[in-house]
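Peer 1: Structure file structure_13.cif, mmCIF, C-alpha atoms, is pasted below:
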data_my_file
loop_
_atom_site.label_atom_id
_atom_site.label_comp_id
_atom_site.auth_asym_id
_atom_site.auth_seq_id
_atom_site.Cartn_x
_atom_site.Cartn_y
_atom_site.Cartn_z
CA ASP A 156 0.00 0.00 0.00
CA THR A 157 1.71 3.17 -1.22
CA ALA A 158 2.15 5.79 1.50
CA VAL A 159 2.98 8.84 -0.63
CA SER A 160 2.20 8.61 -4.31
CA GLN A 161 2.86 11.01 -7.16
CA THR A 162 1.64 11.19 -10.71
CA PRO A 163 2.99 11.20 -13.27
CA LYS A 164 6.33 9.50 -12.70
CA TYR A 165 7.78 11.01 -15.86
CA LEU A 166 6.74 14.20 -17.61
CA VAL A 167 8.27 15.46 -20.83
CA THR A 168 6.96 18.71 -22.19
CA GLN A 169 7.94 21.75 -24.20
CA MET A 170 8.90 25.20 -23.01
CA GLY A 171 5.96 27.48 -22.41
CA ASN A 172 3.50 24.74 -21.56
CA ASP A 173 1.55 24.48 -18.29
CA LYS A 174 1.64 21.22 -16.37
CA SER A 175 0.55 19.77 -13.03
CA ILE A 176 1.95 17.12 -10.75
CA LYS A 177 -0.31 15.41 -8.25
CA CYS A 178 0.52 14.05 -4.83
CA GLU A 179 -1.52 12.01 -2.39
CA GLN A 180 -0.67 10.54 1.00
CA ASN A 181 -2.66 7.91 2.86
CA LEU A 182 -0.80 8.21 6.14
CA GLY A 183 -3.20 10.61 7.79
CA HIS A 184 -0.45 13.22 8.03
CA ASP A 185 -1.22 16.89 8.51
CA THR A 186 1.75 18.37 6.66
CA MET A 187 2.84 17.98 3.05
CA TYR A 188 5.81 19.34 1.14
CA TRP A 189 7.20 19.85 -2.34
CA TYR A 190 10.94 19.56 -2.96
CA LYS A 191 12.97 20.10 -6.11
CA GLN A 192 16.04 17.94 -6.75
CA ASP A 193 18.36 19.17 -9.46
CA SER A 194 20.72 17.15 -11.64
CA LYS A 195 23.42 17.27 -8.97
CA LYS A 196 21.03 15.72 -6.44
CA PHE A 197 20.73 18.96 -4.47
CA LEU A 198 17.39 18.89 -2.68
CA LYS A 199 15.58 22.11 -1.86
CA ILE A 200 12.23 22.69 -0.24
CA MET A 201 9.72 24.69 -2.24
CA PHE A 202 6.46 24.65 -0.30
CA SER A 203 4.86 23.21 2.78
CA TYR A 204 1.19 22.94 3.68
CA ASN A 205 -0.28 22.12 7.06
CA ASN A 206 -3.96 21.17 7.05
CA LYS A 207 -4.45 22.85 3.67
CA GLU A 208 -2.74 26.05 4.85
CA LEU A 209 0.50 27.27 3.30
CA ILE A 210 3.21 27.50 5.96
CA ILE A 211 6.45 27.48 3.98
CA ASN A 212 6.87 29.29 0.70
CA GLU A 213 10.51 29.46 -0.28
CA THR A 214 11.80 31.72 -2.98
CA VAL A 215 10.42 30.07 -6.07
CA PRO A 216 9.07 31.76 -9.19
CA ASN A 217 5.38 32.56 -9.00
CA ARG A 218 4.92 30.32 -12.04
CA PHE A 219 4.81 27.55 -9.43
CA SER A 220 1.53 27.35 -7.58
CA PRO A 221 0.71 24.65 -5.03
CA LYS A 222 -2.86 23.68 -4.32
CA SER A 223 -4.13 21.60 -1.45
CA PRO A 224 -7.79 20.57 -1.88
CA ASP A 225 -7.62 18.56 1.35
CA LYS A 226 -4.92 17.53 3.76
CA ALA A 227 -4.25 14.27 1.90
CA HIS A 228 -3.48 15.99 -1.40
CA LEU A 229 -0.96 18.59 -2.49
CA ASN A 230 -0.70 19.34 -6.18
CA LEU A 231 1.88 21.45 -7.95
CA HIS A 232 0.96 23.48 -10.99
CA ILE A 233 3.68 25.04 -13.12
CA ASN A 234 2.93 27.72 -15.71
CA SER A 235 5.07 28.71 -18.68
CA LEU A 236 7.62 25.96 -18.18
CA GLU A 237 11.29 26.82 -18.70
CA LEU A 238 14.33 24.67 -19.40
CA GLY A 239 15.61 25.31 -15.86
CA ASP A 240 12.52 23.69 -14.41
CA SER A 241 13.83 20.30 -15.50
CA ALA A 242 14.41 18.35 -12.30
CA VAL A 243 12.95 15.65 -10.12
CA TYR A 244 10.13 16.91 -7.92
CA PHE A 245 9.44 15.09 -4.69
CA CYS A 246 6.36 15.26 -2.59
CA ALA A 247 6.69 14.42 1.11
CA SER A 248 4.54 14.35 4.20
CA SER A 249 5.02 14.37 7.95
CA GLN A 250 2.67 13.85 10.84
CA ASP A 251 2.66 17.50 11.79
CA SER A 252 4.62 20.68 11.34
CA SER A 253 5.63 21.11 14.94
CA GLY A 254 8.82 19.13 14.57
CA THR A 255 7.76 16.61 17.18
CA SER A 256 7.29 13.94 14.55
CA TYR A 257 10.49 14.31 12.70
CA GLU A 258 10.33 11.82 9.91
CA GLN A 259 9.36 12.89 6.44
CA TYR A 260 7.94 10.32 4.06
CA PHE A 261 8.84 10.89 0.44
CA GLY A 262 7.05 9.96 -2.73
CA PRO A 263 8.92 8.27 -5.59
CA GLY A 264 9.44 11.54 -7.45
CA THR A 265 8.33 13.00 -10.77
CA ARG A 266 11.06 13.52 -13.33
CA LEU A 267 10.18 16.61 -15.33
CA THR A 268 12.03 17.24 -18.58
CA VAL A 269 11.42 20.49 -20.41
CA THR A 270 12.59 20.58 -24.02
CA GLY B 65 22.39 30.93 8.63
CA ASN B 66 21.80 27.24 8.97
CA SER B 67 23.57 24.87 6.60
CA VAL B 68 24.72 21.31 6.09
CA THR B 69 27.97 20.32 4.39
CA GLN B 70 28.62 16.80 3.18
CA MET B 71 31.68 15.25 1.64
CA GLU B 72 31.49 15.10 -2.11
CA GLY B 73 31.13 11.77 -3.76
CA PRO B 74 31.07 9.44 -5.32
CA VAL B 75 32.49 7.10 -2.72
CA THR B 76 33.43 3.72 -4.18
CA LEU B 77 34.16 0.83 -1.83
CA SER B 78 34.55 -2.90 -2.01
CA GLU B 79 32.08 -5.10 -0.20
CA GLU B 80 32.82 -5.44 3.54
CA ALA B 81 34.86 -2.24 3.62
CA PHE B 82 34.40 0.37 6.35
CA LEU B 83 32.33 3.41 5.42
CA THR B 84 32.51 6.97 6.66
CA ILE B 85 30.56 9.82 5.10
CA ASN B 86 31.34 13.15 6.71
CA CYS B 87 28.69 15.69 7.58
CA THR B 88 29.11 18.98 9.39
CA TYR B 89 26.49 21.58 10.13
CA THR B 90 26.03 25.20 11.06
CA ALA B 91 23.01 26.08 13.12
CA THR B 92 21.75 28.35 15.84
CA GLY B 93 20.02 26.68 18.71
CA TYR B 94 19.71 22.92 18.96
CA PRO B 95 18.73 21.28 15.70
CA SER B 96 17.89 17.63 15.22
CA LEU B 97 20.10 15.74 12.79
CA PHE B 98 19.23 13.03 10.30
CA TRP B 99 20.56 10.76 7.62
CA TYR B 100 18.26 9.91 4.74
CA VAL B 101 19.01 7.39 1.99
CA GLN B 102 17.81 7.45 -1.61
CA TYR B 103 17.97 4.22 -3.57
CA PRO B 104 17.96 4.42 -7.37
CA GLY B 105 14.62 5.55 -8.73
CA GLU B 106 13.07 6.05 -5.31
CA GLY B 107 12.31 8.84 -2.87
CA LEU B 108 14.31 9.51 0.27
CA GLN B 109 13.85 7.30 3.33
CA LEU B 110 14.86 8.08 6.87
CA LEU B 111 17.89 6.02 7.85
CA LEU B 112 18.60 7.32 11.35
CA LYS B 113 18.27 10.37 13.53
CA ALA B 114 19.61 12.06 16.67
CA THR B 115 17.75 14.81 18.46
CA LYS B 116 20.31 16.09 20.98
CA ALA B 117 24.02 16.28 21.59
CA ASP B 118 25.81 12.97 22.18
CA ASP B 119 22.83 10.96 20.92
CA LYS B 120 23.75 8.09 18.64
CA GLY B 121 21.35 7.16 15.88
CA SER B 122 21.60 3.66 14.43
CA ASN B 123 19.79 1.51 11.89
CA LYS B 124 20.67 -1.37 9.54
CA GLY B 125 24.27 -1.36 10.76
CA PHE B 126 24.71 2.37 10.14
CA GLU B 127 25.55 4.72 13.01
CA ALA B 128 26.02 8.44 13.52
CA THR B 129 26.73 10.42 16.69
CA TYR B 130 25.58 14.00 17.24
CA ARG B 131 28.78 15.88 18.15
CA LYS B 132 28.02 19.40 19.24
CA GLU B 133 31.64 20.28 19.96
CA THR B 134 32.68 19.54 16.38
CA THR B 135 29.23 20.28 14.84
CA SER B 136 29.38 16.95 13.07
CA PHE B 137 27.15 13.95 12.37
CA HIS B 138 29.32 11.53 10.41
CA LEU B 139 27.73 8.36 9.04
CA GLU B 140 29.59 5.08 9.57
CA LYS B 141 29.11 1.43 8.80
CA GLY B 142 31.55 -1.30 9.65
CA SER B 143 30.99 -3.54 6.64
CA VAL B 144 29.13 -2.30 3.57
CA GLN B 145 27.18 -4.46 1.15
CA VAL B 146 26.37 -4.03 -2.53
CA SER B 147 22.79 -3.32 -1.48
CA ASP B 148 23.98 -0.20 0.40
CA SER B 149 24.72 1.51 -2.92
CA ALA B 150 22.62 4.66 -2.84
CA VAL B 151 22.79 8.41 -2.28
CA TYR B 152 23.01 9.47 1.37
CA PHE B 153 21.74 12.83 2.58
CA CYS B 154 22.61 14.50 5.85
CA ALA B 155 19.90 16.87 7.09
CA LEU B 156 19.05 19.11 9.98
CA LEU B 157 15.70 20.21 11.32
CA TYR B 158 15.50 23.63 12.92
CA THR B 159 12.86 26.06 14.00
CA SER B 160 12.47 29.59 12.74
CA GLY B 161 8.83 30.28 13.40
CA THR B 162 8.08 26.97 11.78
CA TYR B 163 10.13 23.81 11.49
CA LYS B 164 12.29 23.45 8.40
CA TYR B 165 14.59 20.82 7.01
CA ILE B 166 17.89 21.62 5.34
CA PHE B 167 19.41 18.81 3.32
CA GLY B 168 23.05 18.38 2.37
CA THR B 169 24.00 17.89 -1.25
CA GLY B 170 24.03 14.11 -0.98
CA THR B 171 26.90 11.63 -1.26
CA ARG B 172 26.68 8.80 -3.74
CA LEU B 173 27.98 5.47 -2.44
CA LYS B 174 28.87 2.69 -4.84
CA VAL B 175 29.76 -0.70 -3.37
CA LEU B 176 31.48 -3.21 -5.64
CA ALA B 177 31.18 -6.97 -5.21
#
Would you put the structure from the file into structure tokens?
Peer 2:
Amino acid sequence: DTAVSQTPKYLVTQMGNDKSIKCEQNLGHDTMYWYKQDSKKFLKIMFSYNNKELIINETVPNRFSPKSPDKAHLNLHINSLELGDSAVYFCASSQDSSGTSYEQYFGPGTRLTVT
Amino acid sequence: GNSVTQMEGPVTLSEEAFLTINCTYTATGYPSLFWYVQYPGEGLQLLLKATKADDKGSNKGFEATYRKETTSFHLEKGSVQVSDSAVYFCALLYTSGTYKYIFGTGTRLKVLA
């Protein structure tokens, strides 16, 4: 039974297009995250939601817009895709945002390639 | 600011060799420290953690000790296996209004049979 799932696993698209990546967790966690991992494996947090409320919004272009319809889902929509957006995007969740439950559970990643 | 520095890889070892992957951190306050592992084609998984100074985290034969005096959290394993081949990430969790993770750049380990 998959804990954190993402779709699609691979996404190839052209510059200028708009695309979405979906994430769902069945762990009953309150907090979800989006990370970007570049080609050198550097992992950087982009957003965090706690109970559908945005709590972390790092410096990312406003072409990236997260949406959380409920606490089990956190989707990432990207407008006007650019070559530099090519990366692996990971969704993650944790029990809460207070730090008392430290472990983050990661999805398998979505490899986005912009041509 | 807060940061995590890991040794650059790749690290290539023969099976049963001793492993050390260095990790040092800079942080205000008292962060918690973690090692995550990423196997090929998968997301990160928590390997071990330590929440205060002198704590030792351990799992699957891996160990790391939270050293406040040297601001380090080096990962060690006495005898690596081919199945340990993966990318290892050191991370810290700190609070600045809300809790945030900072991940190191990752160290790729390749174990040869």
Peer 1: Which residues are close to Val167 in chain A, i.e. within 10 Å by all atoms listed in the file, leaving aside same-chain residues fewer than 6 positions away? Reply as a PyMOL selection string.
Peer 2: chain A and resi 174+241+266-270
Peer 1: Have a look at A:Tyr204, A:Tyr244, A:Trp189, A:Tyr260 and name the one nearest to chain B; count all atoms listed in the file.
Peer 2: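 Checking each candidate against chain B, we get A:Tyr260 as the closest.
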Peer 1: Point out the residue among A:Ala227, A:Leu236, A:Met201, A:Val159 with the least atom-to-atom distance to Asn172 in chain A, counting all atoms listed in the file.
Peer 2: A:Leu236
Peer 1: List as a PyMOL selection string the protein and nucleic acid residues near range 208-218 of chain A, meaning an atom at most 12 Å away when all atoms listed in the file are counted, but skip any in the same chain fewer than 6 places from it.
Peer 2: (chain A and resi 171-175+185-191+199-202+224-226+228-229+231-237+239-240+251-253) or (chain B and resi 159-165)
Peer 1: Dump as a Markdown table the rows for residues of chain B within 12 Å of chain A: closest atom pair and distance in Å with one decimal, all atoms listed in the file counted, ordered by chain and rising residue number.
Peer 2:
| residue | atom | partner | partner_atom | distance |
| --- | --- | --- | --- | --- |
| B:Ser67 | CA | A:Lys199 | CA | 12.0 |
| B:Val68 | CA | A:Phe197 | CA | 11.5 |
| B:Thr69 | CA | A:Phe197 | CA | 11.5 |
| B:Gln70 | CA | A:Phe197 | CA | 11.2 |
| B:Glu72 | CA | A:Lys195 | CA | 10.8 |
| B:Gly73 | CA | A:Lys195 | CA | 10.8 |
| B:Pro74 | CA | A:Lys195 | CA | 11.5 |
| B:Pro95 | CA | A:Gly254 | CA | 10.2 |
| B:Ser96 | CA | A:Tyr257 | CA | 8.5 |
| B:Leu97 | CA | A:Tyr257 | CA | 9.7 |
| B:Phe98 | CA | A:Glu258 | CA | 9.0 |
| B:Trp99 | CA | A:Glu258 | CA | 10.5 |
| B:Tyr100 | CA | A:Gln259 | CA | 9.5 |
| B:Val101 | CA | A:Phe261 | CA | 10.9 |
| B:Gln102 | CA | A:Pro263 | CA | 9.8 |
| B:Tyr103 | CA | A:Pro263 | CA | 10.1 |
| B:Pro104 | CA | A:Pro263 | CA | 10.0 |
| B:Gly105 | CA | A:Pro263 | CA | 7.1 |
| B:Glu106 | CA | A:Pro263 | CA | 4.7 |
| B:Gly107 | CA | A:Pro263 | CA | 4.4 |
| B:Leu108 | CA | A:Phe261 | CA | 5.6 |
| B:Gln109 | CA | A:Tyr260 | CA | 6.7 |
| B:Leu110 | CA | A:Glu258 | CA | 6.6 |
| B:Leu111 | CA | A:Glu258 | CA | 9.7 |
| B:Leu112 | CA | A:Glu258 | CA | 9.5 |
| B:Lys113 | CA | A:Tyr257 | CA | 8.8 |
| B:Ala114 | CA | A:Tyr257 | CA | 10.2 |
| B:Thr115 | CA | A:Tyr257 | CA | 9.3 |
| B:Ala150 | CA | A:Lys196 | CA | 11.7 |
| B:Val151 | CA | A:Lys196 | CA | 8.6 |
| B:Tyr152 | CA | A:Lys196 | CA | 10.2 |
| B:Phe153 | CA | A:Leu198 | CA | 9.1 |
| B:Cys154 | CA | A:Leu198 | CA | 10.9 |
| B:Ala155 | CA | A:Leu198 | CA | 10.3 |
| B:Leu156 | CA | A:Tyr257 | CA | 10.2 |
| B:Leu157 | CA | A:Gly254 | CA | 7.7 |
| B:Tyr158 | CA | A:Gly254 | CA | 8.2 |
| B:Thr159 | CA | A:Gly254 | CA | 8.0 |
| B:Ser160 | CA | A:Ile211 | CA | 10.8 |
| B:Gly161 | CA | A:Ile210 | CA | 9.7 |
| B:Thr162 | CA | A:Ser253 | CA | 7.1 |
| B:Tyr163 | CA | A:Gly254 | CA | 5.8 |
| B:Lys164 | CA | A:Gly254 | CA | 8.3 |
| B:Tyr165 | CA | A:Ile200 | CA | 7.9 |
| B:Ile166 | CA | A:Lys199 | CA | 7.6 |
| B:Phe167 | CA | A:Leu198 | CA | 6.3 |
| B:Gly168 | CA | A:Phe197 | CA | 7.2 |
| B:Thr169 | CA | A:Phe197 | CA | 4.7 |
| B:Gly170 | CA | A:Lys196 | CA | 6.4 |
| B:Thr171 | CA | A:Lys196 | CA | 8.8 |
| B:Arg172 | CA | A:Lys196 | CA | 9.3 |
Peer 1: What are the centre and the three edge lengths of an axis-aligned box that wraps all atoms of range 92-111 of chain B in the file, given that 3 Å is added to every side, written as lines of an AutoDock Vina configuration file and rounded to one decimal in Å?
Peer 2:
center_x = 17.0
center_y = 16.3
center_z = 5.1
size_x = 15.4
size_y = 30.1
size_z = 33.7
Peer 1: Kindly give the distance, in Å, that separates CA of Arg131 in chain B and CA of Ile85 in chain B, rounded to a single decimal.
Peer 2: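 If I compute the distance from CA of Arg131 in chain B to CA of Ile85 in chain B, I get 14.5 Å.
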Peer 1: Just the number, please: distance in Å from CA of His138 in chain B to CA of Ser248 in chain A, one decimal.
Peer 2: 25.7 Å
Peer 1: How far is it from CA of Lys174 in chain B to CA of Met71 in chain B, in Å with one decimal?
Peer 2: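 Distance reported for this atom pair: 14.4 Å.
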